[in-house]
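Reading through the structure tokens given below for one structure.
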Amino acid sequence: MKVTHRPRLAVLLSGDGSNLQALINATNNGLIKADIVIVISNKVGARGLQRAQNAGIKNTVIDNLQFSDRKSFDYALALELKKQDLDLIILAGFMRILTSEFVESFTGRILNIHPSLLPKYRGLNTYQKAIDAGDKNAGATVHFVTSELDGGPPIIQSKVPIHRNDTSDDLAQRILKLEHQIYPLAVKWFCEDRLSLINEEAFLDSSVLPKSGLNYTDTIKDE
Ligand code: GRF
């Protein structure tokens with residue numbers, strides 16, 4: 001993205017929207033110099049819609065249950081997004097698998113946050129998978145979205161310890177707090193034109209990022 005204007009962002013979600021809230025806060029306090037111009041939920045009544053409303057952000061529902069297949073839902077979604085002249089689409093708890101047609105029509109302009117230390121544990125139930133495997137750590141990863149589910153190149157990861165007797169809810173809460181740190185940071189980099197996807201690799205300031213992304217604890221020392 002070449003920044004010649006204030007970047008325009010869309011956030012897609014299905015649920016609580018605590019990551020949306022972190023992004024709203026980061027645009028309000030000037031960390032992210034961009035505007036969230038639309039929030040779209042595929043679920044009627046998602047709490048994230050109310051958060052958008054409270055922040056004065058246009059918000060709408062495109063209910064996937066009203067569509068006969070994935071392709072027609074994604075088509076309607078893309079149509080709405082294309083009206084907004086967007087620089088970046090941010091998936092924040094958007095519980096839908098996107099078609100490759102959708103992803104390819106916004107190549108390099110979609111980010112996602114996934115609650116695992118990718119490449120470990122794509123898909124659902126990541127917390128329980130990490131606990132069952134006896135891992136010492138779990139975490140979250142912000143990554144570019146490609147047509148491979150949770151398989152796009154990682155940008156930044158945050159790690160938390162797994163304590164003995166942790167339930168998956170304990171772990172989810174611990175990880176979520178750090179999601180609220182790393183997602184705004186990645187979006188900030190993108191909006192400053194520092195982050196890009198080139199040939200399925202993530203670059204920050206013209207350097208290719210490590211396969212699992214930057215480590216958040218190393219990053220905060222430098223930011
Ligand atoms: C987060 O755990 C995120 O990693 C996952 O969905 C959850 C969304 O939480 N993709 P919230 O709706 O932002 O609170």
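Scheme for the structure tokens: letters A, B, ... for chains in order shown; per-chain residue numbers from 1; ligand numbers from 1 in order shown.
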
Give as a PyMOL selection string the residues surrounding ligand 1 up to a distance of 9 Å, considering only C-alpha atoms and all ligand atoms. chain A and resi 13-22+46-48+91-95+112-116+140-142+172-173+175-176+179-180

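Take the candidates A:Leu149, A:Ala202, A:Leu31, A:Leu79 and check each one against Leu98 (chain A) using only C-alpha atoms; the shortest distance goes to A:Leu149.
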
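Around Phe190 (chain A), within 9 Å and counting only C-alpha atoms, the residues found are Met1, Leu88, Leu185, Leu195, Ser196 and Leu204 of chain A, once anything fewer than 5 positions away on its own chain is removed.
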
Write out as a JSON list (two decimals) with C-alpha atoms, in the first residue's frame all residues of region 10-170 of chain A that backbone DSSP assigns to alpha helix (DSSP H).
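Contents of result.json, as written:
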[["chain", "number", "residue", "atom", "x", "y", "z"],
["A", 18, "SER", "CA", -12.81, -7.28, 21.92],
["A", 19, "ASN", "CA", -10.15, -7.10, 19.20],
["A", 20, "LEU", "CA", -12.30, -4.55, 17.37],
["A", 21, "GLN", "CA", -12.40, -2.56, 20.61],
["A", 22, "ALA", "CA", -8.60, -2.65, 20.85],
["A", 23, "LEU", "CA", -8.41, -1.36, 17.27],
["A", 24, "ILE", "CA", -10.98, 1.38, 17.95],
["A", 25, "ASN", "CA", -8.97, 2.45, 21.00],
["A", 26, "ALA", "CA", -5.76, 2.47, 18.96],
["A", 27, "THR", "CA", -7.30, 4.68, 16.27],
["A", 28, "ASN", "CA", -8.74, 6.98, 18.93],
["A", 47, "ARG", "CA", -21.68, -7.73, 20.47],
["A", 48, "GLY", "CA", -19.03, -6.26, 18.18],
["A", 49, "LEU", "CA", -21.77, -4.44, 16.27],
["A", 50, "GLN", "CA", -22.73, -2.59, 19.43],
["A", 51, "ARG", "CA", -19.09, -1.66, 20.02],
["A", 52, "ALA", "CA", -18.97, -0.20, 16.49],
["A", 53, "GLN", "CA", -22.24, 1.63, 17.08],
["A", 54, "ASN", "CA", -20.94, 3.12, 20.35],
["A", 70, "ARG", "CA", -20.26, -19.95, 0.56],
["A", 71, "LYS", "CA", -19.66, -18.43, -2.84],
["A", 72, "SER", "CA", -22.81, -16.29, -2.87],
["A", 73, "PHE", "CA", -22.18, -15.07, 0.70],
["A", 74, "ASP", "CA", -18.60, -14.10, -0.14],
["A", 75, "TYR", "CA", -19.81, -12.38, -3.28],
["A", 76, "ALA", "CA", -22.24, -10.21, -1.28],
["A", 77, "LEU", "CA", -19.54, -9.49, 1.28],
["A", 78, "ALA", "CA", -17.03, -8.47, -1.40],
["A", 79, "LEU", "CA", -19.62, -6.24, -3.04],
["A", 80, "GLU", "CA", -20.22, -4.35, 0.21],
["A", 81, "LEU", "CA", -16.50, -4.06, 0.91],
["A", 82, "LYS", "CA", -15.67, -2.81, -2.57],
["A", 100, "SER", "CA", -10.13, -18.24, -2.67],
["A", 101, "GLU", "CA", -12.02, -15.92, -5.07],
["A", 102, "PHE", "CA", -12.69, -13.56, -2.16],
["A", 103, "VAL", "CA", -9.15, -13.72, -0.83],
["A", 104, "GLU", "CA", -7.62, -13.22, -4.26],
["A", 105, "SER", "CA", -9.71, -10.14, -4.91],
["A", 126, "THR", "CA", -6.51, -24.37, 19.52],
["A", 127, "TYR", "CA", -6.32, -23.94, 23.30],
["A", 128, "GLN", "CA", -7.32, -27.51, 24.08],
["A", 129, "LYS", "CA", -4.98, -28.80, 21.38],
["A", 130, "ALA", "CA", -2.04, -26.99, 23.01],
["A", 131, "ILE", "CA", -3.02, -28.27, 26.49],
["A", 132, "ASP", "CA", -3.51, -31.85, 25.27],
["A", 168, "SER", "CA", -8.99, -23.83, 27.70],
["A", 169, "ASP", "CA", -10.96, -20.81, 29.01],
["A", 170, "ASP", "CA", -8.08, -19.79, 31.29]]

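Minimum atom-to-atom distances from A:Trp189, A:Phe144, A:Phe106, A:Phe67 to Ala34 (chain A) were compared using only C-alpha atoms, and the lowest value belongs to A:Trp189.
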
With distances taken over only C-alpha atoms, the candidate from A:Gly139, A:Leu111, A:Arg122, A:Val208 nearest Tyr183 (chain A) is A:Leu111

Smallest atom-to-atom distance to Asn199 (chain A): which of A:Lys83, A:Val61, A:Gly108, A:Pro119, using only C-alpha atoms? A:Gly108

DSSP says strand (DSSP E or B) for which residues of chain A? Put them as a ChimeraX atom specification? /A:8-13,35-41,59-61,88-91,110-114,137-144,154-161,195-198,201-204,207-208,214-215
